[in-house]
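Coordinates from target_37.pdb are shown below (PDB, C-alpha atoms).
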```
ATOM      1  CA  MET A   1     183.068 163.376 135.472  1.00  0.00           C
ATOM      2  CA  ALA A   2     181.932 160.561 133.177  1.00  0.00           C
ATOM      3  CA  GLN A   3     182.418 157.032 134.382  1.00  0.00           C
ATOM      4  CA  HIS A   4     184.565 154.875 132.113  1.00  0.00           C
ATOM      5  CA  PRO A   5     183.605 151.298 131.206  1.00  0.00           C
ATOM      6  CA  THR A   6     184.982 148.467 133.305  1.00  0.00           C
ATOM      7  CA  VAL A   7     187.392 145.948 131.799  1.00  0.00           C
ATOM      8  CA  GLU A   8     184.531 143.449 131.697  1.00  0.00           C
ATOM      9  CA  GLU A   9     182.348 145.921 129.772  1.00  0.00           C
ATOM     10  CA  SER A  10     185.225 146.515 127.358  1.00  0.00           C
ATOM     11  CA  GLU A  11     185.623 142.759 126.878  1.00  0.00           C
ATOM     12  CA  ARG A  12     181.896 142.469 126.112  1.00  0.00           C
ATOM     13  CA  PHE A  13     182.119 145.390 123.649  1.00  0.00           C
ATOM     14  CA  ILE A  14     184.917 143.576 121.790  1.00  0.00           C
ATOM     15  CA  LEU A  15     183.202 140.173 121.816  1.00  0.00           C
ATOM     16  CA  ASP A  16     180.003 141.805 120.568  1.00  0.00           C
ATOM     17  CA  ILE A  17     181.929 143.143 117.567  1.00  0.00           C
ATOM     18  CA  TYR A  18     183.113 139.615 116.743  1.00  0.00           C
ATOM     19  CA  SER A  19     179.532 138.401 117.112  1.00  0.00           C
ATOM     20  CA  LYS A  20     178.053 141.135 114.887  1.00  0.00           C
ATOM     21  CA  LYS A  21     180.628 140.291 112.206  1.00  0.00           C
ATOM     22  CA  ALA A  22     179.775 136.561 112.501  1.00  0.00           C
ATOM     23  CA  VAL A  23     183.391 135.649 113.292  1.00  0.00           C
ATOM     24  CA  ARG A  24     183.971 132.037 114.289  1.00  0.00           C
ATOM     25  CA  ALA A  25     186.796 130.467 116.295  1.00  0.00           C
ATOM     26  CA  GLY A  26     190.110 130.711 114.455  1.00  0.00           C
ATOM     27  CA  GLU A  27     188.963 133.654 112.325  1.00  0.00           C
ATOM     28  CA  MET A  28     190.197 137.196 112.758  1.00  0.00           C
ATOM     29  CA  LEU A  29     189.347 140.851 112.468  1.00  0.00           C
ATOM     30  CA  LEU A  30     191.760 143.660 111.650  1.00  0.00           C
ATOM     31  CA  TRP A  31     192.388 146.478 114.114  1.00  0.00           C
ATOM     32  CA  GLY A  32     190.545 148.896 111.812  1.00  0.00           C
ATOM     33  CA  VAL A  33     187.249 147.090 112.427  1.00  0.00           C
ATOM     34  CA  PHE A  34     187.525 147.846 116.135  1.00  0.00           C
ATOM     35  CA  GLN A  35     188.578 151.441 115.481  1.00  0.00           C
ATOM     36  CA  ALA A  36     185.498 151.905 113.289  1.00  0.00           C
ATOM     37  CA  ALA A  37     183.295 150.543 116.074  1.00  0.00           C
ATOM     38  CA  LEU A  38     184.858 153.078 118.442  1.00  0.00           C
ATOM     39  CA  SER A  39     183.892 155.928 116.148  1.00  0.00           C
ATOM     40  CA  ASN A  40     180.252 154.821 116.463  1.00  0.00           C
ATOM     41  CA  SER A  41     180.387 154.582 120.263  1.00  0.00           C
ATOM     42  CA  SER A  42     180.012 157.392 122.743  1.00  0.00           C
ATOM     43  CA  SER A  43     180.841 155.125 125.693  1.00  0.00           C
ATOM     44  CA  PHE A  44     184.156 153.524 124.729  1.00  0.00           C
ATOM     45  CA  ARG A  45     187.590 155.026 124.092  1.00  0.00           C
ATOM     46  CA  ALA A  46     190.777 153.606 122.587  1.00  0.00           C
ATOM     47  CA  GLU A  47     192.098 153.046 126.124  1.00  0.00           C
ATOM     48  CA  ASP A  48     189.056 150.900 126.878  1.00  0.00           C
ATOM     49  CA  LEU A  49     189.720 148.736 123.819  1.00  0.00           C
ATOM     50  CA  LYS A  50     193.334 148.333 124.880  1.00  0.00           C
ATOM     51  CA  SER A  51     192.425 147.176 128.394  1.00  0.00           C
ATOM     52  CA  GLY A  52     189.700 144.887 127.041  1.00  0.00           C
ATOM     53  CA  PHE A  53     192.064 143.264 124.548  1.00  0.00           C
ATOM     54  CA  GLU A  54     194.817 142.859 127.145  1.00  0.00           C
ATOM     55  CA  SER A  55     192.378 141.032 129.390  1.00  0.00           C
ATOM     56  CA  LEU A  56     190.917 138.863 126.609  1.00  0.00           C
ATOM     57  CA  ILE A  57     194.405 137.902 125.425  1.00  0.00           C
ATOM     58  CA  LYS A  58     195.451 137.044 128.977  1.00  0.00           C
ATOM     59  CA  LYS A  59     192.338 134.858 129.343  1.00  0.00           C
ATOM     60  CA  GLY A  60     193.087 133.085 126.055  1.00  0.00           C
ATOM     61  CA  MET A  61     189.943 134.342 124.301  1.00  0.00           C
ATOM     62  CA  VAL A  62     191.760 136.381 121.648  1.00  0.00           C
ATOM     63  CA  ARG A  63     195.180 136.012 120.038  1.00  0.00           C
ATOM     64  CA  GLU A  64     196.965 138.952 118.377  1.00  0.00           C
ATOM     65  CA  GLN A  65     199.368 138.652 115.477  1.00  0.00           C
ATOM     66  CA  ASP A  66     200.468 141.558 113.262  1.00  0.00           C
ATOM     67  CA  ASN A  67     197.448 143.751 114.136  1.00  0.00           C
ATOM     68  CA  LYS A  68     195.134 140.845 113.378  1.00  0.00           C
ATOM     69  CA  PHE A  69     192.968 139.745 116.278  1.00  0.00           C
ATOM     70  CA  PHE A  70     192.031 136.059 116.138  1.00  0.00           C
ATOM     71  CA  LEU A  71     189.067 134.770 118.114  1.00  0.00           C
ATOM     72  CA  THR A  72     189.902 131.540 119.935  1.00  0.00           C
ATOM     73  CA  GLU A  73     187.510 128.708 120.722  1.00  0.00           C
ATOM     74  CA  LEU A  74     187.283 129.998 124.291  1.00  0.00           C
ATOM     75  CA  GLY A  75     186.401 133.471 123.042  1.00  0.00           C
ATOM     76  CA  PHE A  76     183.834 132.064 120.644  1.00  0.00           C
ATOM     77  CA  GLN A  77     182.177 130.151 123.468  1.00  0.00           C
ATOM     78  CA  ALA A  78     182.062 133.355 125.566  1.00  0.00           C
ATOM     79  CA  MET A  79     180.179 135.247 122.851  1.00  0.00           C
TER
END
```

Would you kindly transcribe this structure into structure tokens?
Amino acid sequence: MAQHPTVEESERFILDIYSKKAVRAGEMLLWGVFQAALSNSSSFRAEDLKSGFESLIKKGMVREQDNKFFLTELGFQAM
């Protein structure tokens, strides 16, 4: 059985996407950007993105509004 990524690994996967897209604090990415990244990954699944986003939102690193995912200052600093 394959081992699934931890929540922390999922958080890093998400923050790396923001970094690769040169997103700054207060800017956002649409859900489709993350879905596209999933299609290029053999390690992460949609469930992993969901758990990673839930954790990042709870920590105040990302804010979600209408399927737009805004990077906060805290999230930017964590990149």

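Evaluated on this file, the PyMOL selection byres ((chain A and resi 67) around 9) matches A:Leu29, A:Leu30, A:Trp31, A:Gly32, A:Glu64, A:Gln65, A:Asp66, A:Lys68, A:Phe69.
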
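For the pair atom CA of A:Ile57 and atom CA of A:Thr6, the interatomic distance is 16.2 Å.
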
Separation of atom CA of A:Gln77 from atom CA of A:Ser19 in Å: 10.7 Å

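The two atoms in question, atom CA of A:Glu73 and atom CA of A:Ser41, are spaced 26.8 Å apart.
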
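Residue nearest A:Arg12 within the list A:Ala78, A:Gly26, A:Arg63, A:Ala46: A:Ala78 [criterion: smallest interatomic distance, all atoms listed in the file].
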
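Of the listed residues (A:Val7, A:Ile17, A:Ala25, A:Val33), A:Ala25 comes nearest to A:Gly60; the distances count all atoms listed in the file.
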
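Take the PyMOL selection byres ((chain A and resi 47-50) around 9) and apply it to this file: it picks A:His4, A:Pro5, A:Thr6, A:Val7, A:Glu9, A:Ser10, A:Glu11, A:Phe13, A:Ile14, A:Phe34, A:Gln35, A:Leu38, A:Phe44, A:Arg45, A:Ala46, A:Ser51, A:Gly52, A:Phe53, A:Glu54, A:Ser55.
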
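Of the listed residues (A:Asn40, A:Lys58, A:Lys20, A:Leu15), A:Leu15 comes nearest to A:Leu71; the distances count all atoms listed in the file.
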
Can you tell me, as AutoDock Vina command-line options, the centre and edge lengths (Å, one decimal) of the axis-aligned box enclosing all of stretch 8-24 of chain A's listed atoms after padding each side by 4 Å?
```
--center_x 181.8 --center_y 139.3 --center_z 122.0 --size_x 15.6 --size_y 22.5 --size_z 27.5
```

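If only C-alpha atoms are the atoms counted, then among A:Asp16, A:Ser42, A:Gln3, A:Lys59 the closest residue to A:Thr72 is A:Lys59.
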